[in-house]
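Below is one structure, written out as structure tokens; comments come after it.
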Amino acid sequence: MTYDFDLFVIGAGSGGVRAARFAAGFGAKVAVAESRYLGGTCVNVGCVPKKLMVYAAHVADEMEQAAGFGWTLEEGHFDWGTLIANKNREIERLNGIYRNLLVNSGVTLLEGHARLTGANEVEINGQRYSAKHVLIATGGWPQVPDIPGKELAITSNEAFFLKQLPKRILVVGGGYIAVEFAGIFQGLGSATSLLYRGDLFLRGFDGSVRTHLKDELEKRGVDLQFNSDIQRIDQQADGSLKATLKDGRELLTDCVFYATGRRPMLDNLGLEHTGVELDERGFVRVDEQYQTTEPSILAIGDVIGRVQLTPVALAEGMAVARRLFKPEQYRPVDYQNIPTAVFSQPPIGTVGLTEEQAIEAGHKVQVFESRFRAMKLTLTDIQEKTLMKLVVDAETDKVLGCHMVGPDAGEIIQGLGIALKAGATKAHFDETIGVHPTAAEEFVTMRTATR
């Protein structure tokens, strides 16, 4: 059978664009449909604008530290509107880059809502196209619990476009998005409370990392309220919001920001016209080669609910393109030892197993841990501590995990990710000469196991 396209990609986010570009480069006839914005969550309402706002929040730290180095600064003034306008301009530039990447790759870009009308057929803007393969890369969408007043809350989607910086903000959630935005708003001057229904945020991260970040956020003045959850939200006469908690307490705020999870974006996708099945969590069910239960349809990225990170979606998109159109170059995505950063304040960098995971997996574990005040802070009154931690298999000497909380953690952990991927041992770390004076050298100078 002759098809209009060899590959029809629904969603022009990181994974979809990568798959489309490389498939076209391998000689396939490719179309991409996008109903919102080119670049997906990461570029528009995710990691890129978030990181720009993290940079903005860090300026307050730099100004506070400046006095210790002899600088006398006038009292700083932050303008939210300027930050948002400049951020918007940068995102528009990136949207253009994504458009050029697609078009210059020979991909047909169709702007509108695409809907499956069969296993090999997609409808968009009233026109139907046939495709040998269809790739679902529609990503995720933030969700707010179904409570009275939920319409008064915002999510990360709206946070990037607030008209003004809230004087008070209540961030709800215990994942990395909640932690990051709590740091952003606190750093920019909002009185910030972070509510989480569990005992401690960042479930799944190393225990030392979680407790260390808790201590540092409290030093910065973030109001941490664990074992807390909102029952309802009510608008007050003065425009403020009253959050009534399940324990009966009432909190007044100017903004309630929910970061309590994301769902797969499958709205009006037409899956009912195909044999595509969802898993028990509501994500698209795929096999190890991203094949759905409908042979002609594949899915990658946040919509399959594996590791919801932009670089992972990129790797999955590349794997699909290679398998379908350049099989001699195909290699499966390795989900082990994925380096990860959380741009909290201070930031987290982590790769490999946590101490808890290593023990659960049956390893006899040695832990090397160091907490210290960074050199940059020694001429200031700031008492922030950096944490560095290595989790080592005591029998093989292999380094199982590296964890850090402190400035530039993401930058440092990227290099250590290569070491873990290569199977480095603690002896390799010990034999590596440190770069002095840096914080990173602590990873190669920890000699005595702390437990």
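Identifiers in the structure tokens: chain A, B, ... in order shown; residue index from 1 per chain; ligand index from 1 in order shown.
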Item to complete: Apply DSSP to the backbone of this structure and, from segment 157-321 of chain A, keep only the residues in helix (DSSP H, G or I); write these as a ChimeraX atom specification.
Response: /A:157-159,176-188,207-219,271-273,301-304,310-321
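Residues of segment 230-331 of chain A that DSSP, applied to the backbone, places in strand (DSSP E): Ile230, Gln231, Arg232, Ile233, Asp234, Gln235, Leu241, Lys242, Ala243, Thr244, Leu245, Glu250, Leu251, Leu252, Thr253, Val256, Phe257, Tyr258, Arg262, Arg263, Pro264, Ile297, Leu298 and Ala299 of chain A.
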In terms of only C-alpha atoms, the residue from A:Gln345, A:Thr448, A:Thr293, A:Gln366 at minimal distance from Pro407 of chain A is A:Gln345
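Ranking A:Lys163, A:Lys364, A:His133, A:Arg128 by their shortest atom-to-atom distance to Thr82 of chain A, with only C-alpha atoms included, puts A:Lys163 first.
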Within 6 Å of Ile348 of chain A using only C-alpha atoms, minus same-chain residues under 5 positions, as a VMD selection string:
chain A and resid 341 to 342 404 to 405 409
Write the residues of the selection above to a file with N, CA and C atoms, as a PDB file, in the first residue's frame.
ATOM      1  N   ALA A 341      19.371  16.512  37.359  1.00  0.00           N
ATOM      2  CA  ALA A 341      19.527  17.698  38.197  1.00  0.00           C
ATOM      3  C   ALA A 341      18.166  18.206  38.619  1.00  0.00           C
ATOM      4  N   VAL A 342      18.097  18.714  39.825  1.00  0.00           N
ATOM      5  CA  VAL A 342      16.925  19.447  40.307  1.00  0.00           C
ATOM      6  C   VAL A 342      17.406  20.859  40.584  1.00  0.00           C
ATOM      7  N   MET A 404      24.801  15.032  45.033  1.00  0.00           N
ATOM      8  CA  MET A 404      25.317  16.332  45.458  1.00  0.00           C
ATOM      9  C   MET A 404      24.171  17.312  45.652  1.00  0.00           C
ATOM     10  N   VAL A 405      24.301  18.144  46.667  1.00  0.00           N
ATOM     11  CA  VAL A 405      23.437  19.312  46.849  1.00  0.00           C
ATOM     12  C   VAL A 405      24.370  20.497  47.048  1.00  0.00           C
ATOM     13  N   ALA A 409      25.709  21.792  40.984  1.00  0.00           N
ATOM     14  CA  ALA A 409      25.577  20.342  41.129  1.00  0.00           C
ATOM     15  C   ALA A 409      25.278  19.670  39.795  1.00  0.00           C
TER      16      ALA A 409
END
Contacts between segment 253-263 of chain A and segment 83-178 of chain A, please, where a residue of segment 83-178 of chain A counts if it comes within 6 Å (with only C-alpha atoms); show its shortest atom pair and distance in Å to one decimal, rows by chain and ascending number, as a Markdown table.
| residue | atom | partner | partner_atom | distance |
| --- | --- | --- | --- | --- |
| A:Gly140 | CA | A:Arg263 | CA | 5.3 |
| A:Trp141 | CA | A:Arg262 | CA | 5.1 |
| A:Pro142 | CA | A:Arg262 | CA | 4.2 |
| A:Gln143 | CA | A:Arg262 | CA | 5.6 |
| A:Ala153 | CA | A:Val256 | CA | 5.0 |
| A:Ile154 | CA | A:Phe257 | CA | 4.9 |
| A:Thr155 | CA | A:Tyr258 | CA | 5.2 |
| A:Pro166 | CA | A:Asp254 | CA | 5.9 |
| A:Arg168 | CA | A:Thr253 | CA | 5.2 |
| A:Ile169 | CA | A:Cys255 | CA | 4.8 |
| A:Leu170 | CA | A:Val256 | CA | 4.8 |
| A:Val171 | CA | A:Phe257 | CA | 4.7 |
| A:Val172 | CA | A:Tyr258 | CA | 4.8 |
| A:Gly173 | CA | A:Thr260 | CA | 4.7 |
| A:Ala178 | CA | A:Ala259 | CA | 5.2 |
Keeping only C-alpha atoms, write those residues as an mmCIF file, in the first residue's frame.
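The file below, out10.cif, is the result:
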data_model
loop_
_atom_site.group_PDB
_atom_site.id
_atom_site.type_symbol
_atom_site.label_atom_id
_atom_site.label_comp_id
_atom_site.auth_asym_id
_atom_site.auth_seq_id
_atom_site.Cartn_x
_atom_site.Cartn_y
_atom_site.Cartn_z
ATOM 1 C CA GLY A 140 2.155 15.438 29.602
ATOM 2 C CA TRP A 141 -0.047 18.036 31.227
ATOM 3 C CA PRO A 142 -0.150 19.272 34.848
ATOM 4 C CA GLN A 143 -3.166 18.299 36.890
ATOM 5 C CA ALA A 153 -5.170 27.487 41.580
ATOM 6 C CA ILE A 154 -2.451 27.668 38.948
ATOM 7 C CA THR A 155 0.037 25.106 37.627
ATOM 8 C CA PRO A 166 2.693 37.246 44.160
ATOM 9 C CA ARG A 168 2.603 35.316 49.118
ATOM 10 C CA ILE A 169 2.496 31.950 47.389
ATOM 11 C CA LEU A 170 1.540 28.472 48.480
ATOM 12 C CA VAL A 171 3.293 25.743 46.472
ATOM 13 C CA VAL A 172 1.646 22.326 46.798
ATOM 14 C CA GLY A 173 3.571 19.161 45.986
ATOM 15 C CA ALA A 178 7.349 21.945 43.523
#
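Proximity to Met265 of chain A was assessed for A:Ala299, A:Leu213, A:Val365, A:Leu102 counting only C-alpha atoms; the smallest distance is recorded for A:Ala299.
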Computed gap from atom CA of Asn95 of chain A to atom CA of Gly11 of chain A is 13.7 Å
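The gap separating atom CA of Leu188 of chain A from atom CA of Val222 of chain A is 12.1 Å, in Å to one decimal.
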Please, which residues in segment 191-281 of chain A fall within 12 Å of segment 22-39 of chain A when counting only C-alpha atoms, and what is the closest atom pair and distance in Å to one decimal for each, ordered by chain then residue number, as CSV?
residue,atom,partner,partner_atom,distance
A:Met265,CA,A:Ser35,CA,11.9
A:Asp267,CA,A:Ser35,CA,11.8
A:Asn268,CA,A:Ser35,CA,11.9
A:Leu269,CA,A:Ser35,CA,11.6
Atoms to include: all heavy atoms. Write the selected residues as an mmCIF file, in the first residue's frame.
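Saved file again_10.cif follows:
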data_model
loop_
_atom_site.group_PDB
_atom_site.id
_atom_site.type_symbol
_atom_site.label_atom_id
_atom_site.label_comp_id
_atom_site.auth_asym_id
_atom_site.auth_seq_id
_atom_site.Cartn_x
_atom_site.Cartn_y
_atom_site.Cartn_z
ATOM 1 N N MET A 265 -0.995 13.581 27.932
ATOM 2 C CA MET A 265 -1.896 14.423 27.139
ATOM 3 C C MET A 265 -2.461 13.595 25.982
ATOM 4 O O MET A 265 -1.842 13.475 24.920
ATOM 5 C CB MET A 265 -1.141 15.643 26.621
ATOM 6 C CG MET A 265 -1.970 16.563 25.730
ATOM 7 S SD MET A 265 -3.638 16.863 26.306
ATOM 8 C CE MET A 265 -3.341 18.120 27.522
ATOM 9 N N ASP A 267 -5.954 13.920 25.194
ATOM 10 C CA ASP A 267 -7.281 14.481 24.967
ATOM 11 C C ASP A 267 -7.633 14.503 23.477
ATOM 12 O O ASP A 267 -6.869 15.021 22.655
ATOM 13 C CB ASP A 267 -7.351 15.914 25.510
ATOM 14 C CG ASP A 267 -7.116 15.982 27.015
ATOM 15 O OD1 ASP A 267 -6.792 14.931 27.598
ATOM 16 O OD2 ASP A 267 -7.234 17.067 27.586
ATOM 17 N N ASN A 268 -8.779 13.943 23.157
ATOM 18 C CA ASN A 268 -9.311 13.965 21.789
ATOM 19 C C ASN A 268 -8.277 13.483 20.769
ATOM 20 O O ASN A 268 -8.168 14.004 19.673
ATOM 21 C CB ASN A 268 -9.786 15.380 21.422
ATOM 22 C CG ASN A 268 -10.648 15.385 20.170
ATOM 23 O OD1 ASN A 268 -11.317 14.411 19.843
ATOM 24 N ND2 ASN A 268 -10.618 16.493 19.448
ATOM 25 N N LEU A 269 -7.510 12.455 21.146
ATOM 26 C CA LEU A 269 -6.473 11.926 20.256
ATOM 27 C C LEU A 269 -7.019 10.843 19.328
ATOM 28 O O LEU A 269 -6.375 10.481 18.347
ATOM 29 C CB LEU A 269 -5.306 11.389 21.094
ATOM 30 C CG LEU A 269 -4.017 11.038 20.370
ATOM 31 C CD1 LEU A 269 -3.469 12.231 19.577
ATOM 32 C CD2 LEU A 269 -2.968 10.536 21.356
#
- Item | Test item: residues at most 12 Å from Leu83 of chain A, only C-alpha atoms, excluding those fewer than 4 positions along its chain, as number ranges by chain | A: 49-50, 52-57, 78-79, 87-90, 160-165, 188
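Take the candidates A:Gln65, A:Thr350, A:Ser130, A:Gln383 and check each one against Asp206 of chain A using only C-alpha atoms; the shortest distance goes to A:Thr350.
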Pick out the residues sitting within 7 Å of segment 309-316 of chain A, and hand them over as a list in words; count only C-alpha atoms, and ignore anything fewer than 5 positions along from it in its own chain. Ser14, Gly15, Arg18, Cys42, Ile300, Gly301 and Val333 of chain A
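Each of A:Asn157, A:Thr244, A:Ser296, A:Gln289 was compared to Ile230 of chain A using only C-alpha atoms, and A:Thr244 turns out to be the nearest.
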note - atom CA of Gly13 of chain A and atom CA of Gly81 of chain A are separated by 26.9 Å
**OP:** Would you list the contacts of segment 429-444 of chain A as a list in words, taking every protein, DNA or RNA residue within 7 Å and counting only C-alpha atoms, but skipping same-chain residues closer than 4 positions in sequence?
**Re:** Ala374, Met388, Ile412 and Thr425 of chain A
Please produce a file of the residues just selected, as a compact mmCIF listing (two decimals), in the first residue's frame, where the atoms kept are N, CA, C and O atoms.
# COMPACT_ATOMS: atom_id res chain seq x y z
N ALA A 374 31.05 26.09 51.24
CA ALA A 374 31.81 26.37 50.02
C ALA A 374 32.76 27.53 50.22
O ALA A 374 32.49 28.48 50.96
N MET A 388 28.11 16.25 49.44
CA MET A 388 28.57 15.35 48.39
C MET A 388 28.59 13.93 48.96
O MET A 388 28.99 13.72 50.11
N ILE A 412 28.43 19.46 37.62
CA ILE A 412 29.41 18.50 38.13
C ILE A 412 28.95 17.06 37.89
O ILE A 412 29.73 16.19 37.49
N THR A 425 35.35 2.67 39.59
CA THR A 425 35.42 2.18 40.96
C THR A 425 35.83 3.33 41.88
O THR A 425 36.26 4.39 41.43
Residue contacts of segment 271-284 of chain A (10 Å, only C-alpha atoms) excluding same-chain residues fewer than 6 positions away, as a ChimeraX atom specification
/A:115-121,136,140,263-265,290-300,302-306
